[in-house]
>>> print(open('data_30.cif').read())   # mmCIF, C-alpha atoms and all ligand atoms
data_target
loop_
_atom_site.label_atom_id
_atom_site.label_comp_id
_atom_site.auth_asym_id
_atom_site.auth_seq_id
_atom_site.Cartn_x
_atom_site.Cartn_y
_atom_site.Cartn_z
CA MET A 29 67.94 -0.44 -13.74
CA LYS A 30 70.84 0.30 -16.04
CA VAL A 31 71.17 -0.33 -19.75
CA ASP A 32 74.65 -1.32 -20.91
CA SER A 33 75.75 1.51 -23.20
CA LYS A 34 77.87 -0.62 -25.54
CA GLY A 35 75.18 -3.27 -25.90
CA PHE A 36 72.65 -0.52 -26.52
CA GLN A 37 74.71 0.99 -29.34
CA GLU A 38 75.24 -2.39 -31.02
CA LEU A 39 71.60 -3.42 -30.91
CA PHE A 40 70.42 0.08 -31.78
CA LEU A 41 72.65 0.08 -34.88
CA HIS A 42 71.32 -3.32 -35.87
CA LYS A 43 67.70 -2.14 -35.58
CA ALA A 44 68.53 1.19 -37.23
CA ARG A 45 70.10 -0.55 -40.22
CA GLN A 46 66.89 -2.52 -40.76
CA ALA A 47 64.78 0.63 -40.40
CA LEU A 48 67.00 2.43 -42.88
CA LYS A 49 66.67 -0.37 -45.43
CA GLU A 50 62.89 -0.11 -45.16
CA LEU A 51 63.05 3.64 -45.64
CA GLU A 52 65.16 3.47 -48.75
CA SER A 53 63.11 3.37 -51.87
CA PRO A 54 63.13 0.21 -53.97
CA GLN A 55 64.80 2.18 -56.78
CA GLU A 56 68.00 2.38 -54.72
CA GLN A 57 67.70 6.13 -54.47
CA VAL A 58 70.82 7.58 -52.90
CA VAL A 59 70.32 10.29 -50.30
CA ALA A 60 73.24 12.56 -49.51
CA LEU A 61 73.28 13.72 -45.90
CA PRO A 62 73.60 17.42 -45.13
CA SER A 63 76.32 16.83 -42.56
CA ASP A 64 78.64 14.70 -44.65
CA THR A 65 78.45 12.78 -47.85
CA VAL A 66 77.64 9.36 -46.49
CA GLN A 67 75.48 7.62 -49.04
CA LEU A 68 72.78 5.55 -47.50
CA SER A 69 72.58 2.85 -50.13
CA GLN A 70 76.26 2.12 -50.32
CA GLY A 71 77.30 2.94 -46.79
CA GLY A 72 74.22 1.79 -44.94
CA SER A 73 75.70 -1.24 -43.33
CA HIS A 74 78.87 0.49 -42.13
CA LEU A 75 77.46 3.61 -40.54
CA ASN A 76 78.55 4.29 -36.97
CA PHE A 77 76.19 5.55 -34.28
CA SER A 78 76.32 9.26 -35.10
CA SER A 79 76.12 8.75 -38.88
CA MET A 80 73.21 6.38 -38.38
CA VAL A 81 71.33 8.86 -36.21
CA LEU A 82 71.85 11.60 -38.80
CA ALA A 83 70.90 9.26 -41.63
CA LEU A 84 67.64 8.23 -39.99
CA SER A 85 66.72 11.73 -38.91
CA ALA A 86 67.20 12.91 -42.49
CA ALA A 87 65.70 9.95 -44.31
CA ALA A 88 62.43 9.35 -42.46
CA PRO A 89 59.39 11.14 -43.91
CA ALA A 90 58.40 12.89 -40.67
CA GLY A 91 61.92 13.98 -39.79
CA GLY A 92 62.88 10.75 -38.10
CA ILE A 93 62.44 11.87 -34.48
CA PRO A 94 59.49 9.54 -33.72
CA LEU A 95 61.32 6.68 -35.45
CA LEU A 96 64.50 7.25 -33.42
CA ALA A 97 62.42 7.41 -30.25
CA ALA A 98 60.70 4.11 -31.04
CA LEU A 99 64.02 2.41 -31.87
CA SER A 100 65.62 3.66 -28.63
CA GLN A 101 62.73 2.36 -26.54
CA GLU A 102 62.62 -1.02 -28.28
CA THR A 103 66.37 -1.41 -27.90
CA ALA A 104 66.31 -0.78 -24.14
CA GLN A 105 63.28 -3.05 -23.68
CA ALA A 106 65.12 -5.85 -25.46
CA LEU A 107 68.21 -5.43 -23.28
CA ILE A 108 66.61 -5.18 -19.85
CA THR A 109 66.08 -8.61 -18.30
CA PRO A 110 63.14 -9.63 -16.07
CA GLU A 111 65.68 -10.01 -13.21
CA GLN A 112 66.78 -6.39 -13.62
CA GLU A 113 63.16 -5.28 -13.68
CA LYS A 114 62.42 -7.17 -10.48
CA LEU A 115 65.48 -5.78 -8.73
CA HIS A 116 64.62 -2.24 -9.79
CA SER A 117 61.08 -2.61 -8.52
CA GLU A 118 62.25 -4.01 -5.16
CA ARG A 119 64.69 -1.11 -4.73
CA MET A 120 61.95 1.41 -5.44
CA ARG A 121 59.70 -0.23 -2.87
CA ALA A 122 62.46 -0.42 -0.25
CA GLN A 123 62.88 3.37 -0.35
CA PHE A 124 59.34 3.84 0.92
CA GLN A 125 59.14 1.03 3.46
CA ASP A 126 58.77 3.47 6.36
CA VAL A 127 55.91 5.44 4.84
CA PRO A 128 52.59 4.18 6.27
CA LYS A 129 50.19 2.59 3.80
CA VAL A 130 46.42 2.75 3.89
CA ASP A 131 43.53 0.97 2.22
CA ASP A 132 41.52 3.24 0.01
CA SER A 133 38.13 1.87 -0.97
CA ARG A 134 37.87 4.02 -4.13
CA VAL A 135 41.27 2.84 -5.40
CA SER A 136 40.32 -0.79 -4.64
CA ARG A 137 36.97 -0.44 -6.38
CA PHE A 138 38.36 1.01 -9.61
CA TRP A 139 41.38 -1.29 -9.57
CA GLU A 140 39.02 -4.27 -9.49
CA ASP A 141 37.46 -3.12 -12.78
CA VAL A 142 40.69 -1.97 -14.46
CA SER A 143 42.59 -5.15 -13.58
CA ALA A 144 39.76 -7.37 -14.82
CA ILE A 145 39.32 -5.49 -18.12
CA THR A 146 43.07 -5.29 -18.83
CA LYS A 147 43.90 -8.76 -17.45
CA SER A 148 46.64 -7.07 -15.46
CA PRO A 149 49.55 -9.29 -14.38
CA PHE A 150 50.64 -6.64 -11.85
CA PRO A 151 49.97 -6.07 -8.14
CA ALA A 152 47.23 -3.70 -6.94
CA PRO A 153 48.13 -0.01 -6.47
CA GLU A 154 49.62 0.99 -3.12
CA VAL A 155 48.28 4.01 -1.27
CA PHE A 156 50.72 5.91 0.94
CA GLN A 157 49.66 8.14 3.80
CA SER A 158 51.57 11.05 2.38
CA SER A 159 51.41 14.40 0.64
CA PHE A 160 54.65 13.54 -1.11
CA PHE A 161 53.34 10.86 -3.48
CA ASP A 162 51.52 11.69 -6.66
CA ALA A 163 50.23 9.05 -9.06
CA SER A 164 53.10 7.02 -10.47
CA SER A 165 54.09 3.62 -11.74
CA ASP A 166 57.31 1.81 -12.44
CA VAL A 167 58.11 -1.64 -13.78
CA GLU A 168 55.67 -3.33 -11.40
CA THR A 169 54.40 -0.94 -8.77
CA MET A 170 51.68 1.67 -8.97
CA SER A 171 51.36 4.16 -6.15
CA PHE A 172 49.18 7.01 -4.96
CA GLY A 173 49.41 9.48 -2.09
CA THR A 174 46.45 10.21 0.14
CA THR A 175 46.69 13.99 -0.33
CA MET A 176 46.45 13.61 -4.07
CA LEU A 177 43.49 11.25 -3.75
CA GLU A 178 41.71 13.90 -1.71
CA SER A 179 42.51 16.74 -4.14
CA GLU A 180 43.29 16.26 -7.86
CA LEU A 181 41.87 12.72 -7.88
CA LYS A 182 38.84 13.46 -5.70
CA ASP A 183 36.57 12.99 -8.69
CA ASP A 184 35.84 9.32 -9.51
CA ALA A 185 36.32 9.79 -13.26
CA ALA A 186 39.76 11.36 -12.66
CA LEU A 187 40.84 8.52 -10.37
CA ALA A 188 39.56 5.74 -12.63
CA PHE A 189 41.30 7.35 -15.61
CA THR A 190 44.58 7.75 -13.74
CA ILE A 191 44.61 4.12 -12.56
CA ALA A 192 43.97 2.92 -16.12
CA HIS A 193 46.58 5.34 -17.52
CA GLU A 194 49.26 4.12 -15.09
CA GLU A 195 48.34 0.51 -15.90
CA GLY A 196 48.92 1.42 -19.56
CA HIS A 197 52.46 2.56 -18.69
CA ARG A 198 53.13 -0.73 -16.90
CA GLN A 199 51.77 -2.94 -19.67
CA HIS A 200 53.68 -0.95 -22.33
CA ARG A 201 56.91 -1.29 -20.31
CA ASP A 202 57.44 2.47 -20.45
CA THR A 203 59.87 2.55 -17.51
CA GLN A 204 62.21 0.37 -19.57
CA GLY A 205 61.55 2.36 -22.74
CA ALA A 206 62.34 5.62 -20.95
CA LYS A 207 65.76 4.21 -20.00
CA GLY A 208 66.44 3.82 -23.71
CA LEU A 209 65.36 7.39 -24.45
CA GLU A 210 67.63 8.70 -21.68
CA LEU A 211 70.58 6.63 -22.86
CA PHE A 212 70.03 7.75 -26.45
CA ALA A 213 70.01 11.40 -25.35
CA ASP A 214 73.20 10.79 -23.32
CA LEU A 215 74.96 9.21 -26.27
CA CYS A 216 74.01 12.19 -28.43
CA LEU A 217 75.11 14.75 -25.85
CA SER A 218 78.83 14.45 -26.62
CA ASN A 219 78.29 15.34 -30.25
CA ASP A 220 77.37 18.92 -31.21
CA GLU A 221 75.50 17.84 -34.29
CA LEU A 222 73.43 15.27 -32.44
CA SER A 223 72.71 16.85 -29.07
CA SER A 224 69.54 18.62 -30.16
CA ILE A 225 68.28 15.45 -31.86
CA GLY A 226 68.89 13.54 -28.62
CA ILE A 227 66.76 15.91 -26.57
CA GLN A 228 63.99 15.99 -29.17
CA VAL A 229 63.94 12.17 -29.25
CA LEU A 230 63.74 12.01 -25.45
CA PHE A 231 60.81 14.43 -25.27
CA GLU A 232 58.98 12.97 -28.27
CA GLY A 233 59.33 9.41 -26.92
CA ARG A 234 58.02 10.41 -23.51
CA LYS A 235 55.07 12.28 -25.03
CA GLN A 236 54.32 9.31 -27.26
CA ASN A 237 54.20 7.06 -24.19
CA GLU A 238 51.73 9.46 -22.56
CA ARG A 239 49.50 9.42 -25.66
CA GLU A 240 49.51 5.62 -25.74
CA ALA A 241 48.75 5.38 -22.00
CA ASP A 242 45.86 7.83 -22.54
CA GLU A 243 44.46 5.76 -25.43
CA PHE A 244 44.81 2.60 -23.36
CA ALA A 245 42.90 4.27 -20.51
CA ALA A 246 40.17 5.52 -22.87
CA ARG A 247 39.55 1.99 -24.17
CA VAL A 248 39.40 0.64 -20.61
CA LEU A 249 37.11 3.35 -19.24
CA SER A 250 34.69 3.01 -22.11
CA GLN A 251 33.94 -0.44 -20.66
CA MET A 252 33.33 0.99 -17.17
CA ASP A 253 30.55 3.07 -15.71
CA ILE A 254 32.40 6.39 -16.10
CA GLU A 255 31.22 9.66 -17.66
CA LYS A 256 33.38 10.46 -20.67
CA ASP A 257 32.81 14.22 -20.35
CA GLN A 258 34.16 14.22 -16.81
CA VAL A 259 37.36 12.56 -18.02
CA LEU A 260 37.73 15.10 -20.83
CA THR A 261 37.26 18.01 -18.39
CA PHE A 262 39.87 16.51 -16.06
CA LEU A 263 42.41 16.14 -18.89
CA SER A 264 41.79 19.52 -20.50
CA ALA A 265 43.16 21.31 -17.43
CA PHE A 266 46.69 19.91 -17.78
CA PRO A 267 49.36 22.23 -19.20
CA GLU A 268 51.82 21.03 -21.83
CA ASP A 269 55.36 20.32 -20.63
CA ASN A 270 58.42 18.63 -22.09
CA LEU A 271 57.17 15.16 -21.20
CA HIS A 272 53.38 15.55 -21.60
CA PRO A 273 51.24 16.74 -24.52
CA ALA A 274 48.87 19.66 -23.81
CA GLY A 275 45.65 18.78 -21.97
CA SER A 276 43.53 19.81 -24.94
CA GLU A 277 45.43 17.38 -27.19
CA ARG A 278 45.09 14.61 -24.60
CA ALA A 279 41.34 15.20 -24.27
CA ALA A 280 40.87 15.09 -28.06
CA LEU A 281 42.83 11.86 -28.29
CA VAL A 282 40.85 10.23 -25.47
CA ALA A 283 37.57 11.34 -27.05
CA SER A 284 38.50 9.62 -30.30
CA ALA A 285 39.84 6.44 -28.62
CA TRP A 286 36.68 6.08 -26.48
CA THR A 287 34.77 3.20 -28.05
ZN ZN B 1 51.66 9.07 -17.73
#
>>> encode(input="data_30.cif", output="structure tokens")
Amino acid sequence: MKVDSKGFQELFLHKARQALKELESPQEQVVALPSDTVQLSQGGSHLNFSSMVLALSAAAPAGGIPLLAALSQETAQALITPEQEKLHSERMRAQFQDVPKVDDSRVSRFWEDVSAITKSPFPAPEVFQSSFFDASSDVETMSFGTTMLESELKDDAALAFTIAHEEGHRQHRDTQGAKGLELFADLCLSNDELSSIGIQVLFEGRKQNEREADEFAARVLSQMDIEKDQVLTFLSAFPEDNLHPAGSERAALVASAWT
């Protein structure tokens, strides 16, 4: 699945211009950028990609990184067609056609609940007889490996949470959003001033997607027969990395989203 870079820049600029207008105060306050002297109020509609990125990162109250991440994801999601999504999903599946699949009664049992509660439009998870697969999802597919089901996901609460979390990624179209984050970071890479913003946006966007998938899962599991404390213990053990918030933060978020 590829996002056209030129189309991305055009649509991103369009969305960014609107976001910038909303950020500007009604009193037409003019903000001078540290990097150059572009004035947002006067120059707002003519800013190119790099000026726009700098303008938004400077103008937004929280530093603009979350805003740039959201805009990048929305832009990619708007550009990727259902045909591209289908093709991408078929290609992913074709790679694994020789790996044997098994029925797993625990996965089936929890999927029945998760799919009913979330009204999932997607196919049931696939379980591969493999130590290679962890829990993952893309545009359409969700997959698990048997080794992981027998180890990290041995506990029912951990498995139910993971199925609901991956379903959250599918329903939020995070595979498509992540393409936007990657393209944004690529576009920033060629510019010294922007390259660090690009990486921050990529990581922040990915972490935001994890938080939203966790909240989605918490709301689903609170309607199932699952012990909340077991889910919190499972989450607390995860370390923080560039793409995932720390386990303690995830557990706190899930505790507060549990209804
Ligand atoms: Zn995730």
>>> closest_atom_pairs(input="data_30.cif", of="chain A", to="ligand ZN 1 (chain B)", cutoff="10 Å", atoms="all atoms listed in the file", output="Markdown table")
| residue | atom | partner | partner_atom | distance |
| --- | --- | --- | --- | --- |
| A:Ala163 | CA | B:ZN1 | ZN | 8.8 |
| A:Ser164 | CA | B:ZN1 | ZN | 7.7 |
| A:Ser165 | CA | B:ZN1 | ZN | 8.5 |
| A:Thr190 | CA | B:ZN1 | ZN | 8.2 |
| A:Ala192 | CA | B:ZN1 | ZN | 10.0 |
| A:His193 | CA | B:ZN1 | ZN | 6.3 |
| A:Glu194 | CA | B:ZN1 | ZN | 6.1 |
| A:Glu195 | CA | B:ZN1 | ZN | 9.4 |
| A:Gly196 | CA | B:ZN1 | ZN | 8.3 |
| A:His197 | CA | B:ZN1 | ZN | 6.6 |
| A:Arg198 | CA | B:ZN1 | ZN | 9.9 |
| A:Asp202 | CA | B:ZN1 | ZN | 9.2 |
| A:Arg234 | CA | B:ZN1 | ZN | 8.7 |
| A:Lys235 | CA | B:ZN1 | ZN | 8.7 |
| A:Gln236 | CA | B:ZN1 | ZN | 9.9 |
| A:Asn237 | CA | B:ZN1 | ZN | 7.2 |
| A:Glu238 | CA | B:ZN1 | ZN | 4.8 |
| A:Arg239 | CA | B:ZN1 | ZN | 8.2 |
| A:Glu240 | CA | B:ZN1 | ZN | 9.0 |
| A:Ala241 | CA | B:ZN1 | ZN | 6.3 |
| A:Asp242 | CA | B:ZN1 | ZN | 7.6 |
| A:Leu271 | CA | B:ZN1 | ZN | 8.9 |
| A:His272 | CA | B:ZN1 | ZN | 7.7 |
>>> atom_distance(input="data_30.cif", atom1="CA of Glu180 (chain A)", atom2="CA of Val135 (chain A)")
13.8 Å
>>> closest_residue(input="data_30.cif", among="A:Asp141, A:Glu277, A:Glu210, A:Asp184", to="Gln251 (chain A)", atoms="all atoms listed in the file")
A:Asp141
>>> atom_distance(input="data_30.cif", atom1="CA of Val130 (chain A)", atom2="CA of Phe189 (chain A)")
20.7 Å
>>> closest_residue(input="data_30.cif", among="A:Leu249, A:Leu51, A:Ala265, A:Ala206", to="Thr287 (chain A)", atoms="only C-alpha atoms")
A:Leu249
>>> residues_around(input="data_30.cif", residues="Phe40 (chain A)", least_positions_apart="2", cutoff="9 Å", atoms="only C-alpha atoms", output="short mmCIF file (atom, residue, chain, number, x, y, z; two decimals) with C-alpha atoms, in the frame of the given file")
data_model
loop_
_atom_site.label_atom_id
_atom_site.label_comp_id
_atom_site.auth_asym_id
_atom_site.auth_seq_id
_atom_site.Cartn_x
_atom_site.Cartn_y
_atom_site.Cartn_z
CA GLY A 35 75.18 -3.27 -25.90
CA PHE A 36 72.65 -0.52 -26.52
CA GLN A 37 74.71 0.99 -29.34
CA GLU A 38 75.24 -2.39 -31.02
CA HIS A 42 71.32 -3.32 -35.87
CA LYS A 43 67.70 -2.14 -35.58
CA ALA A 44 68.53 1.19 -37.23
CA ARG A 45 70.10 -0.55 -40.22
CA PHE A 77 76.19 5.55 -34.28
CA LEU A 99 64.02 2.41 -31.87
CA SER A 100 65.62 3.66 -28.63
CA GLU A 102 62.62 -1.02 -28.28
CA THR A 103 66.37 -1.41 -27.90
CA ALA A 104 66.31 -0.78 -24.14
#
>>> residues_around(input="data_30.cif", residues="Arg278 (chain A)", least_positions_apart="2", cutoff="9 Å", atoms="all atoms listed in the file", output="PyMOL selection string")
chain A and resi 238-239+242-243+260+263-264+266+272-276+280-283
>>> atom_distance(input="data_30.cif", atom1="CA of Met80 (chain A)", atom2="CA of Gly233 (chain A)")
18.3 Å
>>> closest_atom_pairs(input="data_30.cif", of="region 173-245 of chain A", to="region 150-160 of chain A", cutoff="7 Å", atoms="all atoms listed in the file", output="tab-separated table")
residue	atom	partner	partner_atom	distance
A:Gly173	CA	A:Phe156	CA	4.9
A:Thr174	CA	A:Gln157	CA	5.3
A:Thr175	CA	A:Ser159	CA	4.8
A:Met176	CA	A:Ser159	CA	6.9
>>> closest_atom_pairs(input="data_30.cif", of="region 181-229 of chain A", to="region 107-120 of chain A", cutoff="10 Å", atoms="only C-alpha atoms", output="CSV")
residue,atom,partner,partner_atom,distance
A:Arg201,CA,A:Glu113,CA,9.9
A:Thr203,CA,A:Glu113,CA,9.3
A:Gln204,CA,A:Ile108,CA,7.1
A:Gly205,CA,A:Ile108,CA,9.5
A:Lys207,CA,A:Ile108,CA,9.4
A:Gly208,CA,A:Leu107,CA,9.4
>>> axis_aligned_box(input="data_30.cif", around="region 88-95 of chain A", padding_each_side="8 Å", output="AutoDock Vina command-line options")
--center_x 60.6 --center_y 10.3 --center_z -38.8 --size_x 20.5 --size_y 23.3 --size_z 26.2
>>> closest_residue(input="data_30.cif", among="A:Ser284, A:Ser78, A:Gln46, A:Asn270", to="Ile225 (chain A)", atoms="all atoms listed in the file")
A:Ser78
>>> residues_around(input="data_30.cif", residues="Gln228 (chain A)", least_positions_apart="3", cutoff="9 Å", atoms="all atoms listed in the file", output="tab-separated table (two decimals) with C-alpha atoms, in the frame of the given file")
chain	number	residue	atom	x	y	z
A	93	ILE	CA	62.44	11.87	-34.48
A	97	ALA	CA	62.42	7.41	-30.25
A	213	ALA	CA	70.01	11.40	-25.35
A	223	SER	CA	72.71	16.85	-29.07
A	224	SER	CA	69.54	18.62	-30.16
A	225	ILE	CA	68.28	15.45	-31.86
A	231	PHE	CA	60.81	14.43	-25.27
A	232	GLU	CA	58.98	12.97	-28.27
A	233	GLY	CA	59.33	9.41	-26.92
>>> closest_residue(input="data_30.cif", among="A:Glu50, A:Cys216, A:Met252, A:Asp269", to="Leu95 (chain A)", atoms="all atoms listed in the file")
A:Glu50
>>> decode(input="data_30.cif", residues="region 133-159 of chain A", atoms="N, CA and C atoms", output="PDB file, in the first residue's frame")
ATOM      1  N   SER A 133      -9.547 -22.821  20.086  1.00  0.00           N
ATOM      2  CA  SER A 133     -10.874 -22.618  20.666  1.00  0.00           C
ATOM      3  C   SER A 133     -10.929 -21.357  21.541  1.00  0.00           C
ATOM      4  N   ARG A 134      -9.794 -21.001  22.170  1.00  0.00           N
ATOM      5  CA  ARG A 134      -9.809 -19.778  23.000  1.00  0.00           C
ATOM      6  C   ARG A 134      -9.951 -18.548  22.116  1.00  0.00           C
ATOM      7  N   VAL A 135      -9.204 -18.512  21.008  1.00  0.00           N
ATOM      8  CA  VAL A 135      -9.305 -17.366  20.090  1.00  0.00           C
ATOM      9  C   VAL A 135     -10.740 -17.267  19.562  1.00  0.00           C
ATOM     10  N   SER A 136     -11.309 -18.409  19.161  1.00  0.00           N
ATOM     11  CA  SER A 136     -12.682 -18.395  18.623  1.00  0.00           C
ATOM     12  C   SER A 136     -13.680 -17.885  19.658  1.00  0.00           C
ATOM     13  N   ARG A 137     -13.494 -18.350  20.897  1.00  0.00           N
ATOM     14  CA  ARG A 137     -14.434 -17.979  21.956  1.00  0.00           C
ATOM     15  C   ARG A 137     -14.411 -16.467  22.211  1.00  0.00           C
ATOM     16  N   PHE A 138     -13.199 -15.908  22.354  1.00  0.00           N
ATOM     17  CA  PHE A 138     -13.129 -14.468  22.642  1.00  0.00           C
ATOM     18  C   PHE A 138     -13.490 -13.627  21.416  1.00  0.00           C
ATOM     19  N   TRP A 139     -13.151 -14.144  20.223  1.00  0.00           N
ATOM     20  CA  TRP A 139     -13.498 -13.412  19.013  1.00  0.00           C
ATOM     21  C   TRP A 139     -15.015 -13.289  18.875  1.00  0.00           C
ATOM     22  N   GLU A 140     -15.725 -14.341  19.275  1.00  0.00           N
ATOM     23  CA  GLU A 140     -17.185 -14.309  19.205  1.00  0.00           C
ATOM     24  C   GLU A 140     -17.730 -13.111  19.998  1.00  0.00           C
ATOM     25  N   ASP A 141     -17.216 -12.929  21.217  1.00  0.00           N
ATOM     26  CA  ASP A 141     -17.653 -11.802  22.049  1.00  0.00           C
ATOM     27  C   ASP A 141     -17.202 -10.459  21.477  1.00  0.00           C
ATOM     28  N   VAL A 142     -15.904 -10.375  21.144  1.00  0.00           N
ATOM     29  CA  VAL A 142     -15.351  -9.092  20.667  1.00  0.00           C
ATOM     30  C   VAL A 142     -16.055  -8.661  19.388  1.00  0.00           C
ATOM     31  N   SER A 143     -16.269  -9.591  18.457  1.00  0.00           N
ATOM     32  CA  SER A 143     -16.879  -9.213  17.180  1.00  0.00           C
ATOM     33  C   SER A 143     -18.329  -8.780  17.365  1.00  0.00           C
ATOM     34  N   ALA A 144     -19.026  -9.430  18.318  1.00  0.00           N
ATOM     35  CA  ALA A 144     -20.425  -9.049  18.556  1.00  0.00           C
ATOM     36  C   ALA A 144     -20.499  -7.658  19.199  1.00  0.00           C
ATOM     37  N   ILE A 145     -19.654  -7.429  20.205  1.00  0.00           N
ATOM     38  CA  ILE A 145     -19.705  -6.142  20.922  1.00  0.00           C
ATOM     39  C   ILE A 145     -19.297  -4.991  20.000  1.00  0.00           C
ATOM     40  N   THR A 146     -18.281  -5.224  19.159  1.00  0.00           N
ATOM     41  CA  THR A 146     -17.758  -4.131  18.321  1.00  0.00           C
ATOM     42  C   THR A 146     -18.413  -4.085  16.948  1.00  0.00           C
ATOM     43  N   LYS A 147     -19.350  -5.002  16.690  1.00  0.00           N
ATOM     44  CA  LYS A 147     -19.977  -5.102  15.359  1.00  0.00           C
ATOM     45  C   LYS A 147     -18.909  -5.121  14.265  1.00  0.00           C
ATOM     46  N   SER A 148     -17.925  -5.964  14.454  1.00  0.00           N
ATOM     47  CA  SER A 148     -16.778  -5.991  13.535  1.00  0.00           C
ATOM     48  C   SER A 148     -17.174  -6.360  12.111  1.00  0.00           C
ATOM     49  N   PRO A 149     -16.706  -5.583  11.124  1.00  0.00           N
ATOM     50  CA  PRO A 149     -16.944  -5.938   9.724  1.00  0.00           C
ATOM     51  C   PRO A 149     -15.829  -6.844   9.173  1.00  0.00           C
ATOM     52  N   PHE A 150     -14.883  -7.232  10.028  1.00  0.00           N
ATOM     53  CA  PHE A 150     -13.683  -7.927   9.552  1.00  0.00           C
ATOM     54  C   PHE A 150     -13.736  -9.439   9.795  1.00  0.00           C
ATOM     55  N   PRO A 151     -12.881 -10.183   9.058  1.00  0.00           N
ATOM     56  CA  PRO A 151     -12.843 -11.635   9.267  1.00  0.00           C
ATOM     57  C   PRO A 151     -12.252 -12.021  10.624  1.00  0.00           C
ATOM     58  N   ALA A 152     -12.539 -13.244  11.057  1.00  0.00           N
ATOM     59  CA  ALA A 152     -12.022 -13.757  12.335  1.00  0.00           C
ATOM     60  C   ALA A 152     -10.493 -13.837  12.288  1.00  0.00           C
ATOM     61  N   PRO A 153      -9.845 -13.773  13.462  1.00  0.00           N
ATOM     62  CA  PRO A 153      -8.379 -13.893  13.498  1.00  0.00           C
ATOM     63  C   PRO A 153      -7.923 -15.243  12.943  1.00  0.00           C
ATOM     64  N   GLU A 154      -6.735 -15.246  12.352  1.00  0.00           N
ATOM     65  CA  GLU A 154      -6.143 -16.491  11.862  1.00  0.00           C
ATOM     66  C   GLU A 154      -5.046 -16.911  12.831  1.00  0.00           C
ATOM     67  N   VAL A 155      -4.980 -18.211  13.086  1.00  0.00           N
ATOM     68  CA  VAL A 155      -3.952 -18.714  14.002  1.00  0.00           C
ATOM     69  C   VAL A 155      -2.978 -19.588  13.216  1.00  0.00           C
ATOM     70  N   PHE A 156      -1.708 -19.191  13.214  1.00  0.00           N
ATOM     71  CA  PHE A 156      -0.684 -19.916  12.458  1.00  0.00           C
ATOM     72  C   PHE A 156       0.115 -20.819  13.384  1.00  0.00           C
ATOM     73  N   GLN A 157       0.366 -22.033  12.884  1.00  0.00           N
ATOM     74  CA  GLN A 157       1.186 -22.984  13.640  1.00  0.00           C
ATOM     75  C   GLN A 157       2.636 -22.525  13.511  1.00  0.00           C
ATOM     76  N   SER A 158       3.032 -21.609  14.379  1.00  0.00           N
ATOM     77  CA  SER A 158       4.330 -20.985  14.164  1.00  0.00           C
ATOM     78  C   SER A 158       4.816 -20.274  15.413  1.00  0.00           C
ATOM     79  N   SER A 159       6.151 -20.235  15.559  1.00  0.00           N
ATOM     80  CA  SER A 159       6.726 -19.441  16.653  1.00  0.00           C
ATOM     81  C   SER A 159       7.082 -18.058  16.140  1.00  0.00           C
TER      82      SER A 159
END
